[in-house]
Amino acid sequence: MGARPGGHFDAASTEPLHPAAREVWNAAIDDGWADPARLYGAARRARVMLDNAREVVASLIDARPDEVSFTSSGTQAVHLGMLGALHARQRVGRHVVASAVEHSSVLHAANHHAGSEDDRELVPVDHHGRVDPDTFATAIRTDTALACLQTANHEVGTTQPLDQVAPACHDRGVPLFVDAAQSAGRTSIPAGWSVLAASAHKWGGPPGVGVLAVRRSTRWRSPLPEDEREGGRVPGFENLPGVLAAAAALHARTQESAALHERHWSLIERIRTEIGTRVPDVQVTGHPTERLPHLVTFSCLYVNGEALVTELDRAGFAVSSGSSCTASTLQPSHVLEAMGALTHGNVRVSLSRATTDDDVERFLDVVPDVVTRLRTEAGMGGSSVE
Amino acid sequence: MSDLVLDCRAMRCPLPVIELAKRIDDVQPGDVVRVIADDPAAATDVPAWCRMRGHEYVGLGEPEQSAPSYLVRRQH
């Protein structure tokens with residue numbers, strides 16, 4: 001039981017460590033242990049390595065090195081990025097605008113900050129999961145302290161119209177927080193962000209490293225007690241081996257991204273077009289063209305999502321699901337809800353760099369059998385029951 | 001007003017939708033089925049099922065104690 005490397009279809013959750021990162025990580029455990037804030041030889045070497053990693057990451061996300069800080073996770077980058085931007089704009093107001101399909105870390109930070117329902121506005125999405133730029137702009141008020149929009153959705157892969165939302169925020173003088181966790185290392189970072197967050201383990205870096213970038217022109221004040229590390233933005237001793245490995249992985253992934261993009265795009269296109277012809281009563285969700293290269297989500301009518309994930313694992317494929325039966329809260333995915341998409345029998349496929357054409361073909365062969373079996377067990381064996 | 005009531009309380013997804021699919025033919029085209037379901041997924045999945053199967057989602061019906069209900073009109 002369990003997936004082979006090529007059957008890891010859950011890259012949107014995390015990917016195995018990139019070989020380039022492993023090499024750097026191993027070396028950095030021996031060479032990069034010292035405190036980069038100290039002045040002796042080993043410490044100075046650690047400082048140089050940390051500065052190099054910062055320059056590499058900054059150049060790959062179109063930022064200046066002094067705009068980039070390393071956090072202990074993508075979630076911490078989201079929390080600090082949002083709360084620090086809100087803290088700096090207390091005099092403007094408390095109002096937060098965010099799309100209804102943001103990652104839960106963004107929504108939780110907005111809830112944490114908001115004093116009441118009125119302090120938080122969630123912009124609805126269309127059935128593809130995409131916000132309308134005009135609707136988003138209309139939600140901005142005079143007391144709006146922060147606007148939040150992801151580069152691309154983590155559950156359905158739809159990309160958001162940041163090229164139109166960013167100028168609207170800029171014109172209103174409202175900083176824009178951009179969660180780039182799903183796209184960093186895969187597609188270029190859209191321009192126009194004020195604060196940006198990303199997570200290293202999603203691009204093949206190690207766990208325990210996030211990236212927080214704050215534009216020099218954006219006011220930001222730490223919501224936490226004072227600490228001089230990471231430009232005063234992130235408290236605590238830096239995870240230098242992890243940071244170096246994260247930078248190496250991002251560099252390697254960016255080098256590979258054009259080739260991977262092309263391969264993943266056509267494999268996902270194949271799943272999008274084939275799955276509906278091989279399995280009756282399947283809803284493929286997410287935008288067909290304005291999307292991430294490596295991710296697709298579909299829902300199978302009358303199928304239990306947890307059973308589907310378990311059966312696919314048995315067949316060698318690791319996938320995740322937005323169905324409520326797979327969540328500890330027993331709530332369906334807020335993304336699928338906001339889109340009005342079928343929430344049960346849901347499968348998210350997100351390809352990793354190891355995925356081959358054969359893996360995808362085998363997946364397309366396996367899914368119809370699994371779905372038919374589960375439907376039969378549920379007493380819905382004949383398709384198109386009405 | 002409904003012509004058939006399906007009490008799907010305590011059923012988890014996708015059971016309320018399966019029950020609806022199995023019983024929709026018990027009413028005539030134009031008639032309304034009321035599905036009582038306390039699983040939160042039903043709020044999204046009943047309207048989604050209607051779109052996929054070509055039936056009309058009428059909207060929320062009267063709640064049954066604390067459980068919401070959903071009205072579906074058979075179209076064909």
# chains A, B, ... in the order shown; residues from 1 in each chain; ligands from 1

$ interface_residues --of "chain B" --to "chain A" --cutoff "10 Å" --atoms "only C-alpha atoms" --output "ChimeraX atom specification"
/B:12-25,39-49,51-55,74,76

$ write_last_selection --atoms "C-alpha atoms" --output "JSON list (two decimals), in the first residue's frame"
[["chain", "number", "residue", "atom", "x", "y", "z"],
["B", 12, "ARG", "CA", -23.27, 12.02, 6.26],
["B", 13, "CYS", "CA", -22.30, 13.08, 2.74],
["B", 14, "PRO", "CA", -22.96, 11.71, 0.15],
["B", 15, "LEU", "CA", -25.90, 9.76, 1.67],
["B", 16, "PRO", "CA", -28.52, 12.58, 1.56],
["B", 17, "VAL", "CA", -27.84, 13.12, -2.15],
["B", 18, "ILE", "CA", -27.94, 9.36, -2.82],
["B", 19, "GLU", "CA", -31.31, 9.19, -1.03],
["B", 20, "LEU", "CA", -32.58, 12.10, -3.14],
["B", 21, "ALA", "CA", -31.38, 10.44, -6.37],
["B", 22, "LYS", "CA", -33.05, 7.14, -5.46],
["B", 23, "ARG", "CA", -36.38, 8.75, -4.53],
["B", 24, "ILE", "CA", -36.82, 11.60, -7.05],
["B", 25, "ASP", "CA", -38.79, 9.29, -9.38],
["B", 39, "ASP", "CA", -24.90, 17.42, 7.24],
["B", 40, "PRO", "CA", -23.36, 20.82, 6.34],
["B", 41, "ALA", "CA", -22.28, 19.49, 2.92],
["B", 42, "ALA", "CA", -25.91, 19.14, 1.85],
["B", 43, "ALA", "CA", -26.24, 22.94, 1.56],
["B", 44, "THR", "CA", -23.80, 22.87, -1.36],
["B", 45, "ASP", "CA", -24.35, 19.35, -2.68],
["B", 46, "VAL", "CA", -28.15, 19.39, -3.09],
["B", 47, "PRO", "CA", -28.06, 22.47, -5.42],
["B", 48, "ALA", "CA", -24.97, 21.05, -7.19],
["B", 49, "TRP", "CA", -26.78, 17.73, -7.76],
["B", 51, "ARG", "CA", -27.50, 21.39, -11.73],
["B", 52, "MET", "CA", -25.73, 18.17, -12.72],
["B", 53, "ARG", "CA", -28.96, 16.15, -13.08],
["B", 54, "GLY", "CA", -31.10, 18.89, -14.63],
["B", 55, "HIS", "CA", -33.59, 19.37, -11.78],
["B", 74, "ARG", "CA", -38.36, 17.25, -10.41],
["B", 76, "HIS", "CA", -38.07, 15.43, -16.13]]

$ residues_around --residues "His201 in chain A" --least-positions-apart "5" --cutoff "6 Å" --atoms "only C-alpha atoms" --output "PyMOL selection string"
chain A and resi 14+206-207

$ select_by_dssp --residues "chain B" --states "helix (DSSP H, G or I)" --output "ChimeraX atom specification"
/B:15-26,42-53

$ residues_around --residues "Ala315 in chain A" --least-positions-apart "2" --cutoff "12 Å" --atoms "only C-alpha atoms" --output "list in words"
Met1, Gly2, Ala3, Arg4, Gly7, His8, Leu308, Val309, Thr310, Glu311, Leu312, Asp313, Phe317, Ala318, Val319, Asp359, Arg362, Phe363, Leu364, Asp365, Val366, Val367, Asp369 and Val370 of chain A

$ select_by_dssp --residues "range 99-334 of chain A" --states "strand (DSSP E)" --output "VMD selection string"
chain A and resid 99 120 to 123 144 to 148 176 to 179 195 to 199 210 to 214 282 to 285 295 to 300

$ closest_residue --among "A:Ala37, A:Ala20, A:Ala42, A:Val347" --to "Gln255 in chain A" --atoms "only C-alpha atoms"
A:Ala20

$ residues_around --residues "Arg73 in chain B" --least-positions-apart "6" --cutoff "6 Å" --atoms "only C-alpha atoms" --output "PyMOL selection string"
chain B and resi 30-32+56

$ residues_around --residues "range 65-68 of chain B" --least-positions-apart "4" --cutoff "8 Å" --atoms "only C-alpha atoms" --output "list in words"
Arg9, Ile36, Ala37, Asp38, Leu60 and Gly61 of chain B

$ closest_residue --among "A:Pro241, A:Arg130, A:Glu102, A:Leu146" --to "Arg22 in chain A" --atoms "only C-alpha atoms"
A:Pro241

$ atom_distance --atom1 "CA of Gly93 in chain A" --atom2 "CA of Leu196 in chain A"
21.1 Å
